[in-house]
file model18.tsv (TSV, C-alpha atoms and all ligand atoms)
chain	number	residue	atom	x	y	z
A	1	MET	CA	19.20	-25.73	6.84
A	2	PRO	CA	20.38	-22.26	8.04
A	3	GLN	CA	19.97	-21.66	11.77
A	4	GLN	CA	17.09	-19.36	12.70
A	5	PRO	CA	18.25	-16.17	14.44
A	6	THR	CA	16.75	-15.74	17.91
A	7	ILE	CA	14.13	-13.06	18.28
A	8	ASN	CA	15.83	-9.95	19.63
A	9	LEU	CA	12.81	-7.72	19.41
A	10	ILE	CA	10.86	-7.87	22.65
A	11	ASP	CA	8.80	-5.00	24.00
A	12	ARG	CA	8.09	-3.80	27.57
A	13	PHE	CA	5.10	-6.10	27.79
A	14	GLY	CA	7.08	-9.20	26.84
A	15	ARG	CA	5.61	-9.41	23.34
A	16	LYS	CA	7.99	-10.82	20.74
A	17	VAL	CA	8.03	-9.01	17.42
A	18	ASP	CA	8.71	-11.37	14.54
A	19	TYR	CA	6.49	-9.82	11.85
A	20	LEU	CA	7.20	-6.67	9.80
A	21	ARG	CA	4.77	-5.00	7.43
A	22	ILE	CA	6.30	-2.69	4.86
A	23	SER	CA	4.40	-0.05	2.90
A	24	ILE	CA	6.55	0.35	-0.21
A	25	THR	CA	4.54	3.25	-1.62
A	26	ASP	CA	1.73	5.54	-0.48
A	27	ARG	CA	0.46	5.77	-4.07
A	28	CYS	CA	-2.45	3.77	-5.40
A	29	ASP	CA	-4.59	3.41	-8.50
A	30	PHE	CA	-7.74	3.17	-6.31
A	31	ARG	CA	-9.20	5.69	-3.86
A	32	CYS	CA	-11.18	3.45	-1.49
A	33	LEU	CA	-13.64	5.46	0.60
A	34	TYR	CA	-12.46	4.10	3.94
A	35	CYS	CA	-8.76	4.44	3.14
A	36	MET	CA	-8.32	7.76	1.35
A	37	ALA	CA	-9.95	11.11	0.85
A	38	GLU	CA	-10.90	11.87	-2.75
A	39	ASP	CA	-8.12	14.40	-3.17
A	40	MET	CA	-4.89	13.04	-1.85
A	41	THR	CA	-1.46	14.59	-1.86
A	42	PHE	CA	1.17	11.91	-2.11
A	43	LEU	CA	4.67	12.07	-0.69
A	44	PRO	CA	7.36	13.67	-2.84
A	45	ARG	CA	9.63	10.96	-4.26
A	46	GLU	CA	12.69	11.95	-2.20
A	47	GLN	CA	10.75	11.45	1.01
A	48	VAL	CA	9.91	7.87	0.12
A	49	LEU	CA	12.41	5.13	0.95
A	50	SER	CA	14.31	3.86	-2.08
A	51	LEU	CA	14.06	0.16	-2.92
A	52	GLU	CA	17.65	-0.28	-1.71
A	53	GLU	CA	16.83	1.40	1.61
A	54	ILE	CA	13.77	-0.82	2.07
A	55	TYR	CA	15.86	-3.91	1.39
A	56	ARG	CA	18.53	-2.80	3.85
A	57	ILE	CA	15.96	-2.25	6.61
A	58	ALA	CA	14.23	-5.57	5.84
A	59	LYS	CA	17.60	-7.31	6.12
A	60	ALA	CA	18.28	-5.68	9.49
A	61	PHE	CA	14.91	-6.96	10.72
A	62	THR	CA	15.46	-10.55	9.58
A	63	GLY	CA	18.88	-10.40	11.26
A	64	LEU	CA	17.02	-9.55	14.47
A	65	GLY	CA	14.68	-12.53	14.20
A	66	VAL	CA	11.80	-11.31	12.05
A	67	ARG	CA	10.38	-14.36	10.25
A	68	LYS	CA	7.49	-12.90	8.33
A	69	ILE	CA	7.35	-9.83	6.10
A	70	ARG	CA	4.22	-8.47	4.45
A	71	VAL	CA	4.73	-6.03	1.58
A	72	THR	CA	1.83	-3.65	1.20
A	73	GLY	CA	1.06	-0.01	0.44
A	74	GLY	CA	-0.67	2.04	-1.04
A	75	GLU	CA	-0.81	-0.38	-3.90
A	76	PRO	CA	2.56	-2.16	-3.81
A	77	LEU	CA	2.33	-3.40	-7.38
A	78	VAL	CA	2.19	0.11	-8.85
A	79	ARG	CA	5.71	0.82	-7.60
A	80	ARG	CA	8.31	0.33	-10.32
A	81	GLY	CA	10.83	-2.31	-9.28
A	82	ALA	CA	8.44	-3.97	-6.78
A	83	LEU	CA	9.03	-7.42	-8.28
A	84	GLN	CA	12.81	-7.21	-7.93
A	85	LEU	CA	12.47	-5.94	-4.37
A	86	LEU	CA	10.19	-8.87	-3.53
A	87	THR	CA	12.66	-11.30	-5.10
A	88	ASN	CA	15.46	-9.83	-2.98
A	89	ILE	CA	13.46	-9.85	0.25
A	90	ALA	CA	12.26	-13.43	-0.37
A	91	SER	CA	15.84	-14.69	-0.30
A	92	LEU	CA	16.81	-13.05	3.03
A	93	ASP	CA	18.29	-15.50	5.54
A	94	GLY	CA	15.93	-16.37	8.35
A	95	LEU	CA	12.75	-15.28	6.59
A	96	ASP	CA	10.03	-17.97	6.68
A	97	GLU	CA	7.35	-16.14	4.79
A	98	LEU	CA	7.06	-13.28	2.35
A	99	VAL	CA	3.43	-12.29	1.85
A	100	LEU	CA	1.75	-9.50	-0.08
A	101	THR	CA	-1.43	-7.42	0.20
A	102	THR	CA	-2.75	-5.99	-3.06
A	103	ASN	CA	-5.92	-4.53	-4.50
A	104	GLY	CA	-5.63	-7.04	-7.36
A	105	SER	CA	-5.61	-4.48	-10.17
A	106	GLN	CA	-2.25	-5.70	-11.55
A	107	LEU	CA	-2.56	-9.38	-10.68
A	108	GLU	CA	-3.72	-10.61	-14.05
A	109	GLU	CA	-0.22	-9.94	-15.38
A	110	MET	CA	1.73	-10.20	-12.15
A	111	ALA	CA	0.39	-13.25	-10.28
A	112	ALA	CA	2.76	-15.75	-11.90
A	113	PRO	CA	5.88	-13.50	-11.64
A	114	LEU	CA	5.04	-12.85	-7.96
A	115	LYS	CA	4.90	-16.57	-7.28
A	116	SER	CA	8.27	-17.00	-9.02
A	117	ALA	CA	9.68	-14.09	-6.98
A	118	GLY	CA	9.04	-16.10	-3.81
A	119	VAL	CA	5.78	-14.61	-2.50
A	120	LYS	CA	4.16	-17.45	-0.54
A	121	ARG	CA	0.72	-16.11	0.33
A	122	ILE	CA	-1.27	-13.28	-1.10
A	123	THR	CA	-4.11	-11.19	0.30
A	124	ILE	CA	-6.41	-9.47	-2.18
A	125	SER	CA	-8.87	-6.78	-1.16
A	126	LEU	CA	-12.40	-7.34	-2.43
A	127	ASP	CA	-15.30	-5.66	-0.65
A	128	THR	CA	-18.12	-6.43	-3.06
A	129	LEU	CA	-19.02	-8.55	-6.08
A	130	ASP	CA	-21.29	-5.86	-7.51
A	131	ALA	CA	-19.52	-3.82	-10.20
A	132	ASN	CA	-21.38	-0.60	-9.40
A	133	LYS	CA	-20.79	-0.86	-5.68
A	134	PHE	CA	-17.16	-1.71	-6.39
A	135	LYS	CA	-16.77	1.43	-8.44
A	136	ALA	CA	-18.46	3.47	-5.70
A	137	LEU	CA	-16.30	2.03	-2.93
A	138	THR	CA	-12.97	2.23	-4.75
A	139	ARG	CA	-13.89	5.37	-6.75
A	140	THR	CA	-11.68	4.22	-9.67
A	141	GLY	CA	-11.56	0.42	-9.58
A	142	ASP	CA	-12.75	-2.06	-12.22
A	143	LEU	CA	-14.26	-5.18	-10.63
A	144	ALA	CA	-13.88	-7.36	-13.74
A	145	LYS	CA	-10.15	-6.70	-13.86
A	146	VAL	CA	-9.73	-7.55	-10.18
A	147	LEU	CA	-11.73	-10.78	-10.62
A	148	ARG	CA	-9.44	-11.76	-13.52
A	149	GLY	CA	-6.51	-11.00	-11.21
A	150	ILE	CA	-7.93	-13.27	-8.49
A	151	GLN	CA	-8.38	-16.03	-11.08
A	152	ALA	CA	-4.76	-15.61	-12.19
A	153	ALA	CA	-3.65	-15.80	-8.55
A	154	CYS	CA	-5.65	-19.01	-8.07
A	155	GLU	CA	-3.87	-20.51	-11.09
A	156	ALA	CA	-0.39	-19.36	-10.03
A	157	GLY	CA	-0.15	-21.83	-7.13
A	158	PHE	CA	0.30	-19.66	-4.02
A	159	GLU	CA	0.24	-21.56	-0.73
A	160	ARG	CA	-2.86	-19.65	0.27
A	161	ILE	CA	-4.93	-16.78	-1.02
A	162	LYS	CA	-7.12	-14.62	1.19
A	163	ILE	CA	-9.72	-11.99	0.44
A	164	ASN	CA	-9.86	-8.94	2.74
A	165	ALA	CA	-13.24	-7.24	2.92
A	166	VAL	CA	-13.91	-4.06	4.89
A	167	ILE	CA	-17.62	-4.08	5.66
A	168	LEU	CA	-19.55	-0.80	5.89
A	169	LYS	CA	-23.20	-0.61	6.86
A	170	GLY	CA	-25.29	0.55	3.92
A	171	ARG	CA	-22.47	0.12	1.39
A	172	ASN	CA	-21.69	-3.60	1.27
A	173	HIS	CA	-22.96	-5.25	4.47
A	174	GLU	CA	-25.57	-7.18	2.51
A	175	GLU	CA	-22.89	-9.00	0.57
A	176	VAL	CA	-21.18	-10.98	3.26
A	177	ILE	CA	-22.88	-14.25	2.27
A	178	ASN	CA	-22.00	-13.76	-1.42
A	179	LEU	CA	-18.40	-12.98	-0.54
A	180	VAL	CA	-18.07	-16.12	1.59
A	181	GLN	CA	-19.67	-18.19	-1.17
A	182	PHE	CA	-17.17	-16.70	-3.64
A	183	ALA	CA	-14.30	-17.68	-1.31
A	184	ILE	CA	-15.65	-21.23	-0.96
A	185	ASN	CA	-16.09	-21.59	-4.73
A	186	HIS	CA	-12.47	-20.55	-5.26
A	187	GLY	CA	-11.04	-22.58	-2.35
A	188	ILE	CA	-9.60	-19.45	-0.74
A	189	ASP	CA	-9.85	-17.74	2.67
A	190	ILE	CA	-11.65	-14.53	3.56
A	191	SER	CA	-11.26	-12.01	6.41
A	192	PHE	CA	-13.81	-9.39	7.34
A	193	ILE	CA	-12.35	-6.17	8.75
A	194	GLU	CA	-13.99	-3.55	10.95
A	195	GLU	CA	-13.13	-0.13	9.59
A	196	MET	CA	-10.44	1.72	11.53
A	197	PRO	CA	-10.48	5.51	11.99
A	198	LEU	CA	-7.22	6.31	10.23
A	199	GLY	CA	-7.03	9.72	8.59
A	200	GLN	CA	-9.86	12.04	7.59
A	201	VAL	CA	-12.16	10.59	4.93
A	202	ASN	CA	-15.06	12.27	3.21
A	203	GLN	CA	-18.17	10.76	1.62
A	204	HIS	CA	-19.04	8.51	4.55
A	205	ASP	CA	-19.54	8.78	8.27
A	206	ARG	CA	-17.46	6.12	9.97
A	207	SER	CA	-19.57	5.97	13.08
A	208	SER	CA	-22.82	5.21	11.27
A	209	ALA	CA	-21.09	2.86	8.80
A	210	TYR	CA	-19.67	0.74	11.63
A	211	TYR	CA	-20.69	-2.90	11.18
A	212	ALA	CA	-19.38	-5.13	13.98
A	213	SER	CA	-17.93	-8.58	13.36
A	214	ASP	CA	-20.70	-10.13	15.47
A	215	ARG	CA	-23.32	-8.73	13.11
A	216	ILE	CA	-21.47	-10.28	10.17
A	217	LYS	CA	-21.34	-13.61	11.99
A	218	ALA	CA	-25.09	-13.38	12.64
A	219	ASP	CA	-25.74	-12.62	8.96
A	220	LEU	CA	-23.58	-15.55	7.86
A	221	ALA	CA	-25.38	-17.89	10.26
A	222	ALA	CA	-28.46	-17.62	8.02
A	223	GLN	CA	-26.58	-19.59	5.35
A	224	PHE	CA	-23.55	-21.28	6.94
A	225	THR	CA	-22.56	-23.11	10.10
A	226	LEU	CA	-19.51	-21.33	11.54
A	227	ILE	CA	-17.23	-23.40	13.75
A	228	ALA	CA	-14.59	-21.57	15.80
A	229	SER	CA	-11.07	-22.59	14.79
A	230	THR	CA	-7.79	-22.26	16.67
A	231	GLU	CA	-5.84	-21.75	13.41
A	232	LYS	CA	-3.64	-18.64	13.27
A	233	THR	CA	-1.82	-17.05	10.35
A	234	GLY	CA	0.43	-14.77	12.40
A	235	GLY	CA	-1.89	-11.76	12.14
A	236	PRO	CA	-4.93	-10.43	14.02
A	237	SER	CA	-7.61	-12.59	12.28
A	238	VAL	CA	-9.69	-14.93	14.44
A	239	TYR	CA	-10.79	-17.82	12.23
A	240	TYR	CA	-13.90	-19.91	11.75
A	241	LYS	CA	-14.47	-22.90	9.47
A	242	ILE	CA	-17.49	-24.16	7.59
A	243	PRO	CA	-18.05	-27.95	7.58
A	244	GLY	CA	-16.96	-29.49	4.27
A	245	ALA	CA	-15.10	-26.38	2.99
A	246	SER	CA	-11.38	-25.60	3.08
A	247	THR	CA	-12.13	-21.86	3.39
A	248	ARG	CA	-11.21	-20.11	6.63
A	249	ILE	CA	-13.38	-17.16	7.56
A	250	GLY	CA	-11.47	-14.58	9.59
A	251	PHE	CA	-12.60	-11.58	11.59
A	252	ILE	CA	-10.32	-8.63	12.25
A	253	SER	CA	-12.16	-6.75	14.98
A	254	PRO	CA	-10.17	-3.80	16.31
A	255	HIS	CA	-13.27	-2.37	18.00
A	256	SER	CA	-15.28	-5.34	19.18
A	257	ALA	CA	-12.46	-7.78	20.09
A	258	ASN	CA	-9.17	-6.06	20.85
A	259	PHE	CA	-6.19	-8.12	19.67
A	260	CYS	CA	-3.34	-6.01	21.09
A	261	ALA	CA	-2.28	-8.48	23.83
A	262	SER	CA	-0.92	-10.87	21.20
A	263	CYS	CA	0.52	-8.19	18.88
A	264	ASN	CA	3.70	-9.49	17.22
A	265	ARG	CA	4.15	-6.85	14.51
A	266	VAL	CA	5.50	-3.45	13.62
A	267	ARG	CA	5.19	-1.41	10.43
A	268	LEU	CA	7.59	0.46	8.19
A	269	THR	CA	5.80	3.35	6.50
A	270	ALA	CA	6.51	4.43	2.94
A	271	GLU	CA	8.48	7.41	4.27
A	272	GLY	CA	10.63	5.20	6.50
A	273	ARG	CA	8.99	5.65	9.89
A	274	LEU	CA	9.04	2.54	12.03
A	275	LEU	CA	5.54	2.55	13.46
A	276	LEU	CA	5.18	0.57	16.65
A	277	CYS	CA	1.37	0.44	16.63
A	278	LEU	CA	-1.27	1.02	13.96
A	279	GLY	CA	-3.44	3.01	16.37
A	280	ASN	CA	-0.79	5.28	17.93
A	281	GLU	CA	1.80	7.69	16.62
A	282	HIS	CA	4.82	6.20	18.46
A	283	SER	CA	7.47	5.86	15.78
A	284	VAL	CA	11.17	6.07	14.99
A	285	ASP	CA	12.62	7.64	11.87
A	286	LEU	CA	14.60	4.82	10.23
A	287	LYS	CA	15.00	6.79	7.01
A	288	ALA	CA	17.15	9.32	8.88
A	289	VAL	CA	19.24	6.48	10.31
A	290	VAL	CA	19.87	4.75	6.96
A	291	ARG	CA	20.63	8.04	5.24
A	292	GLN	CA	22.95	9.34	7.98
A	293	HIS	CA	24.75	5.99	8.34
A	294	PRO	CA	24.83	4.46	4.87
A	295	GLU	CA	27.56	1.97	5.76
A	296	ASP	CA	26.77	1.18	9.39
A	297	ASP	CA	24.12	-1.48	9.93
A	298	ALA	CA	25.01	-1.82	13.63
A	299	ILE	CA	23.44	1.60	14.34
A	300	LEU	CA	20.36	0.64	12.33
A	301	ARG	CA	19.99	-2.64	14.24
A	302	GLN	CA	20.42	-0.94	17.63
A	303	THR	CA	17.86	1.73	16.72
A	304	ILE	CA	15.34	-1.02	15.88
A	305	ILE	CA	16.04	-2.87	19.14
A	306	ASP	CA	15.67	0.36	21.16
A	307	ALA	CA	12.42	1.22	19.37
A	308	MET	CA	10.70	-1.76	21.02
A	309	ARG	CA	10.73	0.21	24.29
A	310	ILE	CA	8.14	2.63	22.94
A	311	LYS	CA	5.72	0.05	21.51
A	312	PRO	CA	2.39	1.03	23.13
A	313	GLU	CA	0.31	-1.51	25.03
A	314	LYS	CA	-2.75	-1.07	22.84
A	315	HIS	CA	-4.45	1.04	20.21
A	316	GLU	CA	-6.93	3.73	21.24
A	317	PHE	CA	-9.35	3.59	18.32
A	318	ASN	CA	-12.78	5.12	18.77
A	319	ILE	CA	-14.90	4.82	15.63
A	320	HIS	CA	-17.45	7.26	17.06
A	321	GLU	CA	-15.03	10.18	17.40
A	322	GLN	CA	-13.05	12.23	14.92
A	323	PRO	CA	-9.84	10.34	14.08
A	324	VAL	CA	-6.90	11.22	16.29
A	325	ILE	CA	-4.59	9.41	13.88
A	326	LEU	CA	-4.23	11.67	10.89
A	327	ARG	CA	-2.21	9.36	8.67
A	328	HIS	CA	-4.24	7.40	6.15
A	329	MET	CA	-3.98	3.63	5.78
A	330	ASN	CA	-2.13	3.93	2.45
A	331	VAL	CA	0.84	5.58	4.17
A	332	THR	CA	0.72	3.25	7.12
A	333	GLY	CA	0.49	0.00	5.22
A	334	GLY	CA	-2.49	-2.23	6.06
B	401	LIG	N1	-3.72	-1.48	-1.77
B	401	LIG	C1	-3.64	-2.76	-1.15
B	401	LIG	C2	-5.00	-3.28	-0.83
B	401	LIG	O1	-5.98	-2.54	-0.87
B	401	LIG	O2	-5.10	-4.47	-0.51
B	401	LIG	C3	-2.76	-2.81	0.07
B	401	LIG	C4	-2.85	-1.66	1.02
B	401	LIG	S1	-4.40	-1.48	1.86
B	401	LIG	C5	-4.09	-0.08	2.86
B	401	LIG	C6	-4.35	-2.86	2.95
B	401	LIG	C7	-5.66	-3.27	3.59
B	401	LIG	O3	-6.07	-2.24	4.46
B	401	LIG	C8	-6.77	-3.50	2.60
B	401	LIG	O4	-7.31	-4.79	2.78
B	401	LIG	C9	-7.78	-2.43	2.95
B	401	LIG	O5	-9.09	-2.88	2.76
B	401	LIG	C10	-7.49	-2.16	4.39
B	401	LIG	N2	-7.88	-0.83	4.85
B	401	LIG	C11	-7.64	0.36	4.28
B	401	LIG	N3	-8.15	1.36	5.01
B	401	LIG	C12	-8.73	0.79	6.09
B	401	LIG	C13	-9.42	1.30	7.23
B	401	LIG	N4	-9.61	2.60	7.42
B	401	LIG	N5	-9.88	0.40	8.15
B	401	LIG	C14	-9.68	-0.93	7.99
B	401	LIG	N6	-9.03	-1.47	6.94
B	401	LIG	C15	-8.57	-0.62	5.99
B	402	LIG	FE1	-5.54	1.80	-2.45
B	402	LIG	FE2	-5.61	-0.33	-0.88
B	402	LIG	FE3	-6.17	2.10	0.09
B	402	LIG	FE4	-7.88	0.98	-1.56
B	402	LIG	S1	-7.31	0.19	0.46
B	402	LIG	S2	-7.14	3.10	-1.68
B	402	LIG	S3	-6.59	-0.13	-2.92
B	402	LIG	S4	-4.24	1.44	-0.67
call {"tool": "encode", "arguments": {"input": "model18.tsv", "output": "structure tokens", "more": "lines below"}}
Ligand code: SAM
Ligand code: SF4
result
Amino acid sequence: MPQQPTINLIDRFGRKVDYLRISITDRCDFRCLYCMAEDMTFLPREQVLSLEEIYRIAKAFTGLGVRKIRVTGGEPLVRRGALQLLTNIASLDGLDELVLTTNGSQLEEMAAPLKSAGVKRITISLDTLDANKFKALTRTGDLAKVLRGIQAACEAGFERIKINAVILKGRNHEEVINLVQFAINHGIDISFIEEMPLGQVNQHDRSSAYYASDRIKADLAAQFTLIASTEKTGGPSVYYKIPGASTRIGFISPHSANFCASCNRVRLTAEGRLLLCLGNEHSVDLKAVVRQHPEDDAILRQTIIDAMRIKPEKHEFNIHEQPVILRHMNVTGG
């Protein structure tokens, strides 16, 4: 068994960073209301990291002790060559887990190849089981196709599958019981996410759509008994269990239960910025480093180590104010 590299990435607050999220594209076939504005301008191709550059950066991170990588986007599966990139990342020395977040639109065809590529766990976004609401929330999505994708993922044999649901008051808050029942029926996990104020969106007011995790828990209590669990999956979800079901119910609560003290992650944006915190703009331009030093990984590694010094203590989200963070979630990588 290869020896695990020690974790070299430690910030000013003593937090060890062993988890990297990579947005491999800012493009997407959906236009979810909370993630994007209706009219989006995407990055010109030359500003986006190439697949080779992404692999090189991922390798530098695993060499520095990163054990978990999540590939995300935009919609990662719309990027040509995504499968080969995932295969290459999965075989990096020192990596324990390669996981993926997807909107599910391509999963019907890609679930089995993704499992063969070495993806261990998969997170699929699903905010509603009502086809009309799904269309309204995603603007372009087809619920039936995503449900066939989830079925294909269930059959492909991933270690675990999780649904991510962003809950907005008046849009889908009445569906939390149905969504949990769907997760139980499929033997999969589910996490509910409080919307974060990233980028300008139109068509809904984030402040009035805010639906706190505690309200979801109260709604679920009408149907289920929730028992607090100490299980962790390396991310910000706090989990609950339901007696007799394998399903874990997670809550990602950036507003009502700040999780920054245990933050173990950084993000690589589609344009190659190493983002030290989702809710701040502190970042380092790794694209410039890989392009200026195509042969020298020592400089890349040192830049990543030095970047830990500017990781902020916590995010400064305020759902009731205009967003101070102008980048949308698709660029950032959720
Ligand atoms: N396209 C893929 C998907 O939708 O799963 C991966 C990228 S998406 C940006 C990753 C996750 O971020 C999704 O679960 C999505 O629901 C969530 N997300 C997007 N915008 C968000 C926001 N403003 N606040 C909270 N979560 C958001
Ligand atoms: Fe696309 Fe995912 Fe953003 Fe929806 S949440 S628009 S599927 S990147």
call {"tool": "atom_distance", "arguments": {"input": "model18.tsv", "atom1": "atom CA of Ala222 of chain A", "atom2": "atom O1 of ligand LIG 401 (chain B)"}}
result
28.5 Å
call {"tool": "residues_near_ligand", "arguments": {"input": "model18.tsv", "ligand": "ligand LIG 401 (chain B)", "cutoff": "6 Å", "atoms": "all atoms listed in the file", "output": "list in words"}}
result
Tyr34, Cys35, Thr72, Gly73, Gly74, Glu75, Thr101, Thr102, Asn103, Ile124, Ser125, Asn164, Val166, Ile193, Glu194, Glu195, Met196, Pro197, Leu198, Met329, Asn330, Gly333 and Gly334 of chain A
call {"tool": "write_last_selection", "arguments": {"input": "model18.tsv", "atoms": "C-alpha atoms", "output": "short mmCIF file (atom, residue, chain, number, x, y, z; two decimals), keeping the file's coordinate frame"}}
result
data_model
loop_
_atom_site.label_atom_id
_atom_site.label_comp_id
_atom_site.auth_asym_id
_atom_site.auth_seq_id
_atom_site.Cartn_x
_atom_site.Cartn_y
_atom_site.Cartn_z
CA TYR A 34 -12.46 4.10 3.94
CA CYS A 35 -8.76 4.44 3.14
CA THR A 72 1.83 -3.65 1.20
CA GLY A 73 1.06 -0.01 0.44
CA GLY A 74 -0.67 2.04 -1.04
CA GLU A 75 -0.81 -0.38 -3.90
CA THR A 101 -1.43 -7.42 0.20
CA THR A 102 -2.75 -5.99 -3.06
CA ASN A 103 -5.92 -4.53 -4.50
CA ILE A 124 -6.41 -9.47 -2.18
CA SER A 125 -8.87 -6.78 -1.16
CA ASN A 164 -9.86 -8.94 2.74
CA VAL A 166 -13.91 -4.06 4.89
CA ILE A 193 -12.35 -6.17 8.75
CA GLU A 194 -13.99 -3.55 10.95
CA GLU A 195 -13.13 -0.13 9.59
CA MET A 196 -10.44 1.72 11.53
CA PRO A 197 -10.48 5.51 11.99
CA LEU A 198 -7.22 6.31 10.23
CA MET A 329 -3.98 3.63 5.78
CA ASN A 330 -2.13 3.93 2.45
CA GLY A 333 0.49 0.00 5.22
CA GLY A 334 -2.49 -2.23 6.06
#
call {"tool": "residues_around", "arguments": {"input": "model18.tsv", "residues": "segment 142-151 of chain A", "least_positions_apart": "2", "cutoff": "8 Å", "atoms": "all atoms listed in the file", "output": "PyMOL selection string"}}
result
chain A and resi 103-109+111+124+129-131+134-135+140+153-155
call {"tool": "write_last_selection", "arguments": {"input": "model18.tsv", "atoms": "C-alpha atoms", "output": "tab-separated table (two decimals), in the coordinates of the input"}}
result
chain	number	residue	atom	x	y	z
A	103	ASN	CA	-5.92	-4.53	-4.50
A	104	GLY	CA	-5.63	-7.04	-7.36
A	105	SER	CA	-5.61	-4.48	-10.17
A	106	GLN	CA	-2.25	-5.70	-11.55
A	107	LEU	CA	-2.56	-9.38	-10.68
A	108	GLU	CA	-3.72	-10.61	-14.05
A	109	GLU	CA	-0.22	-9.94	-15.38
A	111	ALA	CA	0.39	-13.25	-10.28
A	124	ILE	CA	-6.41	-9.47	-2.18
A	129	LEU	CA	-19.02	-8.55	-6.08
A	130	ASP	CA	-21.29	-5.86	-7.51
A	131	ALA	CA	-19.52	-3.82	-10.20
A	134	PHE	CA	-17.16	-1.71	-6.39
A	135	LYS	CA	-16.77	1.43	-8.44
A	140	THR	CA	-11.68	4.22	-9.67
A	153	ALA	CA	-3.65	-15.80	-8.55
A	154	CYS	CA	-5.65	-19.01	-8.07
A	155	GLU	CA	-3.87	-20.51	-11.09
call {"tool": "closest_atom_pairs", "arguments": {"input": "model18.tsv", "of": "segment 7-107 of chain A", "to": "segment 278-293 of chain A", "cutoff": "9 Å", "atoms": "only C-alpha atoms", "output": "CSV"}}
result
residue,atom,partner,partner_atom,distance
A:Gln47,CA,A:Lys287,CA,8.7
A:Val48,CA,A:Lys287,CA,8.6
A:Leu49,CA,A:Lys287,CA,6.8
A:Glu53,CA,A:Val290,CA,7.0
A:Arg56,CA,A:Val290,CA,8.3
A:Ile57,CA,A:Val290,CA,8.0
call {"tool": "residues_around", "arguments": {"input": "model18.tsv", "residues": "Arg215 of chain A", "least_positions_apart": "4", "cutoff": "12 Å", "atoms": "all atoms listed in the file", "output": "JSON list (two decimals) with C-alpha atoms, in the frame of the given file"}}
result
[["chain", "number", "residue", "atom", "x", "y", "z"],
["A", 167, "ILE", "CA", -17.62, -4.08, 5.66],
["A", 168, "LEU", "CA", -19.55, -0.80, 5.89],
["A", 169, "LYS", "CA", -23.20, -0.61, 6.86],
["A", 173, "HIS", "CA", -22.96, -5.25, 4.47],
["A", 174, "GLU", "CA", -25.57, -7.18, 2.51],
["A", 176, "VAL", "CA", -21.18, -10.98, 3.26],
["A", 192, "PHE", "CA", -13.81, -9.39, 7.34],
["A", 194, "GLU", "CA", -13.99, -3.55, 10.95],
["A", 210, "TYR", "CA", -19.67, 0.74, 11.63],
["A", 211, "TYR", "CA", -20.69, -2.90, 11.18],
["A", 219, "ASP", "CA", -25.74, -12.62, 8.96],
["A", 220, "LEU", "CA", -23.58, -15.55, 7.86],
["A", 221, "ALA", "CA", -25.38, -17.89, 10.26],
["A", 222, "ALA", "CA", -28.46, -17.62, 8.02],
["A", 251, "PHE", "CA", -12.60, -11.58, 11.59],
["A", 253, "SER", "CA", -12.16, -6.75, 14.98],
["A", 256, "SER", "CA", -15.28, -5.34, 19.18]]
call {"tool": "residues_around", "arguments": {"input": "model18.tsv", "residues": "segment 304-306 of chain A", "least_positions_apart": "3", "cutoff": "9 Å", "atoms": "all atoms listed in the file", "output": "number ranges by chain"}}
result
A: 8-11, 60-61, 64, 274, 284, 286, 299-301, 309-310
call {"tool": "atom_distance", "arguments": {"input": "model18.tsv", "atom1": "atom CA of Lys133 of chain A", "atom2": "atom CA of Arg171 of chain A"}}
result
7.3 Å
call {"tool": "closest_residue", "arguments": {"input": "model18.tsv", "among": "A:Gly141, A:Val71, A:Arg80, A:Asp39", "to": "ligand LIG 402 (chain B)", "atoms": "only C-alpha atoms and all ligand atoms"}}
result
A:Gly141
call {"tool": "atom_distance", "arguments": {"input": "model18.tsv", "atom1": "atom CA of Glu46 of chain A", "atom2": "atom CA of Ile22 of chain A"}}
result
17.5 Å
call {"tool": "residues_around", "arguments": {"input": "model18.tsv", "residues": "Glu38 of chain A", "least_positions_apart": "2", "cutoff": "9 Å", "atoms": "only C-alpha atoms", "output": "number ranges by chain"}}
result
A: 31-33, 36, 40, 139, 201-203
call {"tool": "closest_residue", "arguments": {"input": "model18.tsv", "among": "A:Ser191, A:Asn88, A:Ser262, A:Ser23", "to": "Lys241 of chain A", "atoms": "all atoms listed in the file"}}
result
A:Ser191
call {"tool": "closest_residue", "arguments": {"input": "model18.tsv", "among": "A:Asp296, A:Glu271, A:Glu175, A:Asp18", "to": "Asp96 of chain A", "atoms": "all atoms listed in the file"}}
result
A:Asp18
call {"tool": "axis_aligned_box", "arguments": {"input": "model18.tsv", "around": "segment 59-62 of chain A", "padding_each_side": "6 Å", "output": "AutoDock Vina command-line options"}}
result
--center_x 16.6 --center_y -8.1 --center_z 8.4 --size_x 15.4 --size_y 16.9 --size_z 16.6
